[in-house]
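Coordinates from model.cif are shown below (mmCIF, C-alpha atoms).
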```
data_final
loop_
_atom_site.label_atom_id
_atom_site.label_comp_id
_atom_site.auth_asym_id
_atom_site.auth_seq_id
_atom_site.Cartn_x
_atom_site.Cartn_y
_atom_site.Cartn_z
CA MET A 1 0.00 0.00 0.00
CA ARG A 2 2.79 2.42 0.86
CA LEU A 3 4.46 1.73 -2.48
CA ARG A 4 1.25 2.49 -4.35
CA ALA A 5 0.77 5.68 -2.39
CA ALA A 6 4.31 6.78 -3.16
CA ALA A 7 3.77 6.06 -6.84
CA SER A 8 0.58 8.13 -6.80
CA ILE A 9 2.40 11.02 -5.17
CA ASP A 10 5.22 10.85 -7.75
CA LYS A 11 2.69 10.83 -10.57
CA LEU A 12 0.90 13.80 -9.03
CA HIS A 13 4.13 15.79 -8.98
CA LEU A 14 4.92 14.69 -12.52
CA CYS A 15 1.58 15.96 -13.81
CA LYS A 16 2.29 19.41 -12.39
CA ALA A 17 5.88 19.56 -13.60
CA THR A 18 7.26 21.20 -16.74
CA ALA A 19 10.27 20.35 -18.87
CA ALA A 20 12.56 22.50 -20.99
CA VAL A 21 13.04 21.35 -24.58
CA ASP A 22 15.81 22.78 -26.77
CA PHE A 23 15.92 22.34 -30.55
CA LEU A 24 19.54 22.75 -31.59
CA TRP A 25 20.59 24.16 -34.98
CA PRO A 26 17.24 24.28 -36.76
CA ILE A 27 16.96 25.79 -40.25
CA HIS A 28 14.98 29.02 -40.20
CA VAL A 29 12.61 28.97 -43.20
CA SER A 30 10.16 31.86 -43.46
CA LYS A 31 7.32 32.04 -45.99
CA VAL A 32 5.52 35.29 -46.85
CA PRO A 33 2.43 35.82 -49.07
CA LEU A 34 3.78 38.49 -51.41
CA SER A 35 1.30 38.34 -54.31
CA THR A 36 -0.92 35.38 -53.50
CA GLN A 37 -4.71 35.28 -53.53
CA ALA A 38 -4.71 35.47 -49.72
CA ALA A 39 -6.31 38.47 -48.05
CA ASP A 40 -3.11 39.30 -46.16
CA SER A 41 -0.91 39.30 -49.28
CA LEU A 42 1.44 42.29 -49.44
CA GLU A 43 0.76 42.91 -53.14
CA PRO A 44 -2.09 42.10 -55.55
CA ALA A 45 -1.82 39.21 -57.99
CA ALA A 46 -1.15 41.71 -60.80
CA PHE A 47 2.22 42.45 -59.18
CA GLY A 48 3.34 38.86 -59.76
CA GLU A 49 1.86 38.77 -63.25
CA GLU A 50 3.95 41.79 -64.27
CA LEU A 51 7.17 40.31 -62.88
CA ALA A 52 6.46 36.96 -64.54
CA ARG A 53 5.98 38.74 -67.88
CA VAL A 54 9.28 40.61 -67.55
CA ALA A 55 11.12 37.45 -66.53
CA LEU A 56 9.78 35.37 -69.42
CA GLU A 57 10.56 38.07 -71.98
CA GLY A 58 14.14 38.32 -70.72
CA PHE A 59 14.53 34.55 -70.63
CA GLU A 60 13.30 34.11 -74.21
CA GLU A 61 15.63 36.88 -75.37
CA TYR A 62 18.56 35.20 -73.66
CA VAL A 63 17.84 31.66 -74.87
CA ASN A 64 17.10 32.61 -78.47
CA LYS A 65 19.71 35.34 -79.03
CA THR A 66 22.31 35.75 -76.29
CA LEU A 67 23.04 32.11 -75.44
CA PRO A 68 23.83 31.12 -79.06
CA MET A 69 26.21 34.09 -79.30
CA GLU A 70 27.92 33.14 -76.03
CA MET A 71 28.55 29.64 -77.33
CA GLU A 72 29.78 31.00 -80.66
CA PHE A 73 32.32 33.41 -79.19
CA ASP A 74 33.27 31.39 -76.10
CA LYS A 75 34.12 27.83 -77.14
CA GLN A 76 35.21 26.85 -73.65
CA PHE A 77 31.83 27.88 -72.29
CA ALA A 78 30.11 25.98 -75.13
CA ASP A 79 32.02 22.80 -74.25
CA GLU A 80 31.16 23.18 -70.56
CA PHE A 81 27.52 23.89 -71.40
CA HIS A 82 27.12 20.81 -73.61
CA ALA A 83 28.70 18.59 -70.94
CA ALA A 84 26.60 20.03 -68.10
CA ASP A 85 23.44 18.54 -66.59
CA HIS A 86 19.78 19.49 -66.90
CA SER A 87 20.34 22.69 -64.87
CA ARG A 88 22.56 24.22 -67.53
CA VAL A 89 20.13 26.69 -69.12
CA ASN A 90 19.21 28.35 -65.82
CA LEU A 91 22.85 28.29 -64.68
CA ALA A 92 23.96 29.90 -67.94
CA PHE A 93 21.16 32.46 -67.62
CA ARG A 94 22.32 33.23 -64.09
CA ARG A 95 25.90 33.60 -65.34
CA TRP A 96 24.78 36.27 -67.81
CA GLN A 97 22.64 37.98 -65.16
CA LYS A 98 25.68 38.23 -62.88
CA ARG A 99 27.41 40.29 -65.54
CA VAL A 100 24.31 42.47 -65.77
CA PHE A 101 24.35 42.88 -61.99
CA ALA A 102 28.05 43.78 -62.11
CA GLU A 103 27.28 46.53 -64.64
CA GLN A 104 24.72 47.89 -62.19
CA ASN A 105 27.22 47.78 -59.29
CA ARG A 106 30.46 49.18 -60.67
CA ASP A 107 31.56 50.25 -57.17
CA ILE A 108 32.03 46.58 -56.26
CA TYR A 109 32.77 45.12 -59.69
CA PRO A 110 34.64 47.78 -61.70
CA ALA A 111 35.08 47.13 -65.41
CA ASN A 112 38.20 45.02 -66.05
CA GLY A 113 38.97 45.11 -62.34
CA ALA A 114 40.70 42.44 -60.30
CA LEU A 115 37.46 41.44 -58.57
CA ASP A 116 35.38 39.38 -60.97
CA ILE A 117 31.75 38.54 -60.27
CA LEU A 118 32.11 35.01 -61.65
CA GLU A 119 34.84 34.25 -59.11
CA SER A 120 33.57 36.12 -56.07
CA GLY A 121 30.33 37.64 -54.93
CA PRO A 122 27.24 35.60 -55.77
CA ASN A 123 28.63 32.06 -55.75
CA PRO A 124 31.33 31.15 -58.30
CA ASP A 125 30.01 29.38 -61.38
CA PHE A 126 31.15 26.04 -62.70
CA ILE A 127 29.92 27.20 -66.11
CA ALA A 128 32.28 30.11 -66.60
CA GLY A 129 34.16 29.76 -69.87
CA ILE A 130 36.95 32.16 -70.76
CA THR A 131 35.16 35.15 -69.21
CA LYS A 132 36.01 33.96 -65.70
CA GLY A 133 38.66 36.34 -64.42
CA ALA A 134 38.61 38.28 -67.70
CA ALA A 135 36.66 41.06 -69.33
CA PRO A 136 33.11 40.26 -70.48
CA LEU A 137 32.69 39.35 -74.13
CA LYS A 138 32.44 42.54 -76.17
CA GLU A 139 29.94 40.91 -78.53
CA ILE A 140 27.42 40.33 -75.72
CA ASN A 141 25.01 42.91 -74.35
CA TYR A 142 25.07 42.82 -70.55
CA THR A 143 22.09 45.05 -69.84
CA TRP A 144 18.48 44.29 -68.96
CA PRO A 145 16.61 47.61 -68.77
CA GLY A 146 13.25 45.84 -68.98
CA LEU A 147 13.99 44.38 -65.55
CA TYR A 148 16.12 46.95 -63.75
CA GLU A 149 13.95 49.90 -64.83
CA ASN A 150 10.68 48.14 -64.02
CA SER A 151 8.75 49.68 -61.10
CA SER A 152 7.51 46.29 -59.87
CA PHE A 153 11.09 44.99 -59.78
CA ARG A 154 12.18 48.00 -57.73
CA LYS A 155 9.28 47.37 -55.37
CA LEU A 156 10.31 43.71 -55.10
CA ARG A 157 13.77 44.84 -54.05
CA GLN A 158 12.22 47.08 -51.39
CA HIS A 159 10.13 44.21 -50.05
CA ILE A 160 13.19 41.96 -49.89
CA ASN A 161 15.12 44.63 -47.99
CA THR A 162 12.34 44.97 -45.40
CA LEU A 163 11.59 41.26 -45.06
CA ALA A 164 15.29 40.42 -44.79
CA LYS A 165 15.61 42.62 -41.72
CA LEU A 166 12.69 40.86 -40.05
CA TYR A 167 14.12 37.46 -40.94
CA LEU A 168 17.56 38.30 -39.57
CA LYS A 169 16.14 39.73 -36.34
CA ARG A 170 14.22 36.50 -35.80
CA SER A 171 17.44 34.62 -36.50
CA GLY A 172 19.18 36.39 -33.63
CA HIS A 173 20.90 39.33 -35.32
CA PRO A 174 20.67 42.45 -33.11
CA THR A 175 19.26 45.48 -34.90
CA SER A 176 22.52 47.33 -34.24
CA GLU A 177 24.42 44.77 -36.35
CA LEU A 178 22.22 45.13 -39.42
CA PRO A 179 22.88 47.70 -42.15
CA LYS A 180 20.19 50.18 -43.18
CA THR A 181 20.28 48.79 -46.70
CA PHE A 182 21.56 45.53 -48.13
CA ARG A 183 23.33 44.63 -51.33
CA VAL A 184 20.82 42.28 -52.97
CA PHE A 185 21.58 40.16 -56.02
CA ILE A 186 18.34 39.06 -57.70
CA TRP A 187 18.23 36.73 -60.67
CA VAL A 188 15.52 34.96 -62.64
CA GLU A 189 15.11 31.22 -63.10
CA VAL A 190 12.58 29.75 -65.51
CA PHE A 191 11.34 26.17 -65.40
CA ARG A 192 9.63 24.95 -68.53
CA LYS A 193 8.00 21.52 -68.55
CA GLY A 194 10.60 18.99 -67.44
CA ASP A 195 13.11 21.60 -66.23
CA SER A 196 14.67 21.23 -62.79
CA LEU A 197 17.64 22.49 -60.77
CA ARG A 198 20.38 20.41 -59.19
CA PRO A 199 21.28 20.79 -55.47
CA LEU A 200 23.00 24.09 -54.74
CA ALA A 201 24.23 25.89 -51.64
CA HIS A 202 25.79 29.36 -51.40
CA THR A 203 28.57 30.02 -48.90
CA ASP A 204 29.91 33.27 -50.26
CA GLY A 205 29.35 35.80 -47.50
CA GLY A 206 25.61 36.44 -47.74
CA PHE A 207 23.10 36.92 -44.94
CA LEU A 208 20.31 34.84 -46.44
CA MET A 209 18.75 33.54 -49.62
CA GLY A 210 15.21 33.45 -50.92
CA ARG A 211 12.85 32.51 -53.73
CA TYR A 212 9.77 34.33 -54.97
CA TRP A 213 7.37 32.51 -57.31
CA PRO A 214 5.31 35.01 -59.37
CA GLN A 215 4.11 32.21 -61.66
CA LEU A 216 3.66 28.62 -60.55
CA LYS A 217 1.02 25.99 -61.28
CA LYS A 218 -0.20 24.11 -58.21
CA ASN A 219 1.76 20.88 -57.59
CA ALA A 220 3.99 21.58 -60.61
CA LEU A 221 7.28 21.00 -58.80
CA LYS A 222 8.84 20.52 -55.38
CA PHE A 223 11.18 22.87 -53.54
CA ASN A 224 13.35 20.50 -51.49
CA PHE A 225 15.95 21.06 -48.77
CA GLU A 226 18.73 18.56 -48.10
CA ASP A 227 19.68 17.54 -44.58
CA PRO A 228 22.68 19.69 -43.50
CA ARG A 229 23.68 17.03 -40.95
CA GLY A 230 24.98 14.76 -43.71
CA ILE A 231 23.85 11.70 -45.62
CA ASN A 232 24.53 8.96 -43.05
CA PRO A 233 21.60 7.45 -41.11
CA PRO A 234 19.65 8.52 -39.18
CA PHE A 235 20.17 11.73 -41.16
CA GLY A 236 20.13 12.21 -44.92
CA LYS A 237 16.55 13.41 -44.96
CA THR A 238 14.91 15.57 -47.63
CA HIS A 239 12.31 18.14 -46.64
CA THR A 240 9.79 19.41 -49.18
CA HIS A 241 8.83 23.02 -48.59
CA ASN A 242 5.38 23.75 -49.98
CA VAL A 243 5.34 26.75 -52.30
CA GLU A 244 2.51 28.43 -54.13
CA GLU A 245 2.15 31.12 -56.75
CA GLY A 246 2.91 34.51 -55.24
CA SER A 247 4.76 33.21 -52.17
CA LEU A 248 8.22 34.33 -51.09
CA THR A 249 10.43 32.05 -49.00
CA MET A 250 13.61 33.04 -47.13
CA PHE A 251 16.20 30.61 -45.76
CA PRO A 252 19.93 30.42 -44.92
CA SER A 253 22.05 30.72 -48.05
CA TRP A 254 24.13 27.72 -46.93
CA ALA A 255 21.09 25.40 -46.93
CA SER A 256 21.41 23.01 -49.87
CA HIS A 257 18.22 22.87 -51.91
CA PHE A 258 17.01 21.69 -55.29
CA ILE A 259 14.00 21.97 -57.58
CA THR A 260 12.33 18.85 -58.94
CA PRO A 261 11.19 18.74 -62.60
CA ASN A 262 8.22 20.88 -63.54
CA MET A 263 5.48 18.36 -64.31
CA LYS A 264 2.98 20.87 -65.69
CA SER A 265 2.79 22.47 -69.12
CA ARG A 266 2.66 25.96 -67.63
CA THR A 267 6.10 27.52 -67.20
CA ALA A 268 7.17 28.26 -63.62
CA VAL A 269 9.04 31.49 -62.84
CA SER A 270 11.20 32.14 -59.79
CA TYR A 271 13.02 35.28 -58.69
CA VAL A 272 15.97 34.07 -56.63
CA PHE A 273 17.95 36.41 -54.40
CA ILE A 274 20.87 36.53 -52.01
CA VAL A 275 21.04 39.32 -49.42
CA TYR A 276 24.56 40.58 -48.72
CA PRO A 277 25.94 43.21 -46.35
CA GLU A 278 26.00 46.71 -47.79
CA GLY A 279 29.67 46.35 -48.75
CA GLY A 280 29.20 43.10 -50.66
CA ASN A 281 30.06 39.52 -49.74
CA VAL A 282 31.94 40.36 -46.55
CA LEU A 283 29.98 38.37 -43.93
CA ASP A 284 32.23 35.93 -42.08
CA PHE A 285 30.68 32.53 -41.39
CA GLU A 286 31.42 32.98 -37.68
CA ASP A 287 29.10 35.99 -37.66
CA ASP A 288 26.28 34.19 -39.49
CA ARG A 289 23.65 33.70 -36.80
CA THR A 290 21.40 31.64 -39.09
CA GLY A 291 23.78 28.74 -38.45
CA ASN A 292 23.55 28.97 -34.67
CA ILE A 293 19.84 29.17 -33.91
CA GLN A 294 18.48 27.53 -30.77
CA VAL A 295 14.74 27.26 -30.19
CA SER A 296 13.56 26.60 -26.63
CA GLU A 297 10.10 25.53 -25.49
CA THR A 298 8.53 24.73 -22.15
CA LEU A 299 6.70 21.41 -22.23
CA LYS A 300 3.88 20.68 -19.78
CA LEU A 301 3.87 17.06 -18.68
CA LYS A 302 0.17 16.84 -17.84
CA LYS A 303 -0.77 15.08 -21.08
CA ILE A 304 2.23 12.77 -20.88
CA CYS A 305 1.51 11.64 -17.33
CA GLN A 306 -2.05 10.77 -18.28
CA MET A 307 -0.62 8.08 -20.54
CA ILE A 308 1.37 6.47 -17.72
#
```
This structure in structure tokens:
Amino acid sequence: MRLRAAASIDKLHLCKATAAVDFLWPIHVSKVPLSTQAADSLEPAAFGEELARVALEGFEEYVNKTLPMEMEFDKQFADEFHAADHSRVNLAFRRWQKRVFAEQNRDIYPANGALDILESGPNPDFIAGITKGAAPLKEINYTWPGLYENSSFRKLRQHINTLAKLYLKRSGHPTSELPKTFRVFIWVEVFRKGDSLRPLAHTDGGFLMGRYWPQLKKNALKFNFEDPRGINPPFGKTHTHNVEEGSLTMFPSWASHFITPNMKSRTAVSYVFIVYPEGGNVLDFEDDRTGNIQVSETLKLKKICQMI
């Protein structure tokens, strides 16, 4: 009888107790309705439609005119392109867009300077050709006024600047450590039917990375994250992050992710961005608080003790 009474007393104390639970090194993924059909969306659907139109026009111009010229005048690039995987068109398009971005940011990437955007800044490219570490090809036009002069694109940049501050504060960055404005590299990726993107991670001194989907058919593709703990069991997991048309997702730039093939006939459009400090890619990995997040919760044991 005394043993039963003692057990009852212990259970009584257990039901009133609480426990501290710490989640170590989680990946902070934040999703925002930027131009969705939701009532709390920051912009109307027309905002995304305009950006999708601009992206598709620029992509078609690049694929039909610029890309053939790049392969004609840069044989090394052509060889690398033909030997590359299914991601090659978007990677080549990003390569060209980096040059466009460099033209817009001459203070960081001066013409014919020692600092080349294909070797530093937004993630060095494996498709680089002879232009890596050299002047851009004189036969190629590295401007995109339809994008950079578009009012919706400028507004997108403003949204990214504001949302990035909120994301970084939630990741543990004190307000005093954050710049008033960021250096943001934004590029377009287009996924026609069957197109996909191989796993990529960016460890080049950026605060965070994100994807905005102005055009995306429901269930067309999957936006997957790879387990940063490695591939050996019990790790090696793949997490599918649900995305929808008009949504914007932010995550650590070092988080490896990939896009599965677009299974729908409607082309998917993504604006991808990396947020850097104001002076460029100067963030040291030791100062990146997105890699040292700890989430703590207080767990009440009442429900657990009822199962005993």
**Item:** Surrounding residues of stretch 163-177 of chain A excluding itself and chain neighbours under 4 positions, 7 Å, only C-alpha atoms, as number ranges by chain
**Value:** A: 159, 289-290, 293
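All residues of protein, DNA or RNA that reach within 9 Å of stretch 151-158 of chain A, judged by only C-alpha atoms and not counting those fewer than 6 positions away in the chain, are Phe47, Gly48, Glu50, Leu51, Val184 and Ile186 of chain A.
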**Message:** Going by the chain IDs and residue numbers used in this file, which residues fall under the PyMOL selection byres ((chain A and resi 219) around 12)? Write them as JSON, numbers by chain.
**Reply:** {"A": [216, 217, 218, 220, 221, 222, 223, 240, 241, 242, 243, 244, 245, 260, 261, 262, 263, 264, 265, 266, 268]}
For those residues, write C-alpha atoms to a file as a PDB file, keeping the file's coordinate frame.
```pdb
ATOM      1  CA  LEU A 216       3.660  28.620 -60.550  1.00  0.00           C
ATOM      2  CA  LYS A 217       1.020  25.990 -61.280  1.00  0.00           C
ATOM      3  CA  LYS A 218      -0.200  24.110 -58.210  1.00  0.00           C
ATOM      4  CA  ALA A 220       3.990  21.580 -60.610  1.00  0.00           C
ATOM      5  CA  LEU A 221       7.280  21.000 -58.800  1.00  0.00           C
ATOM      6  CA  LYS A 222       8.840  20.520 -55.380  1.00  0.00           C
ATOM      7  CA  PHE A 223      11.180  22.870 -53.540  1.00  0.00           C
ATOM      8  CA  THR A 240       9.790  19.410 -49.180  1.00  0.00           C
ATOM      9  CA  HIS A 241       8.830  23.020 -48.590  1.00  0.00           C
ATOM     10  CA  ASN A 242       5.380  23.750 -49.980  1.00  0.00           C
ATOM     11  CA  VAL A 243       5.340  26.750 -52.300  1.00  0.00           C
ATOM     12  CA  GLU A 244       2.510  28.430 -54.130  1.00  0.00           C
ATOM     13  CA  GLU A 245       2.150  31.120 -56.750  1.00  0.00           C
ATOM     14  CA  THR A 260      12.330  18.850 -58.940  1.00  0.00           C
ATOM     15  CA  PRO A 261      11.190  18.740 -62.600  1.00  0.00           C
ATOM     16  CA  ASN A 262       8.220  20.880 -63.540  1.00  0.00           C
ATOM     17  CA  MET A 263       5.480  18.360 -64.310  1.00  0.00           C
ATOM     18  CA  LYS A 264       2.980  20.870 -65.690  1.00  0.00           C
ATOM     19  CA  SER A 265       2.790  22.470 -69.120  1.00  0.00           C
ATOM     20  CA  ARG A 266       2.660  25.960 -67.630  1.00  0.00           C
ATOM     21  CA  ALA A 268       7.170  28.260 -63.620  1.00  0.00           C
TER      22      ALA A 268
END
```
**Neighbour list for A:Thr238 as number ranges by chain, cut-off 10 Å, only C-alpha atoms, skip fewer than 6 positions in-chain** = A: 224-228, 231, 257
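Checking A:Trp96, A:Phe77, A:Phe23, A:Trp187 one by one against A:Val272, counting all atoms listed in the file, you find the shortest gap at A:Trp187.
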**Prompt:** Which neighbours of stretch 30-39 of chain A fall inside 6 Å, counting only C-alpha atoms, when residues of the same chain fewer than 5 positions from it are skipped, and could you give them as a list in words?
**Reply:** Pro44, Ala45, Gly48, Gly246, Ser247, Leu248, Thr249 and Met250 of chain A
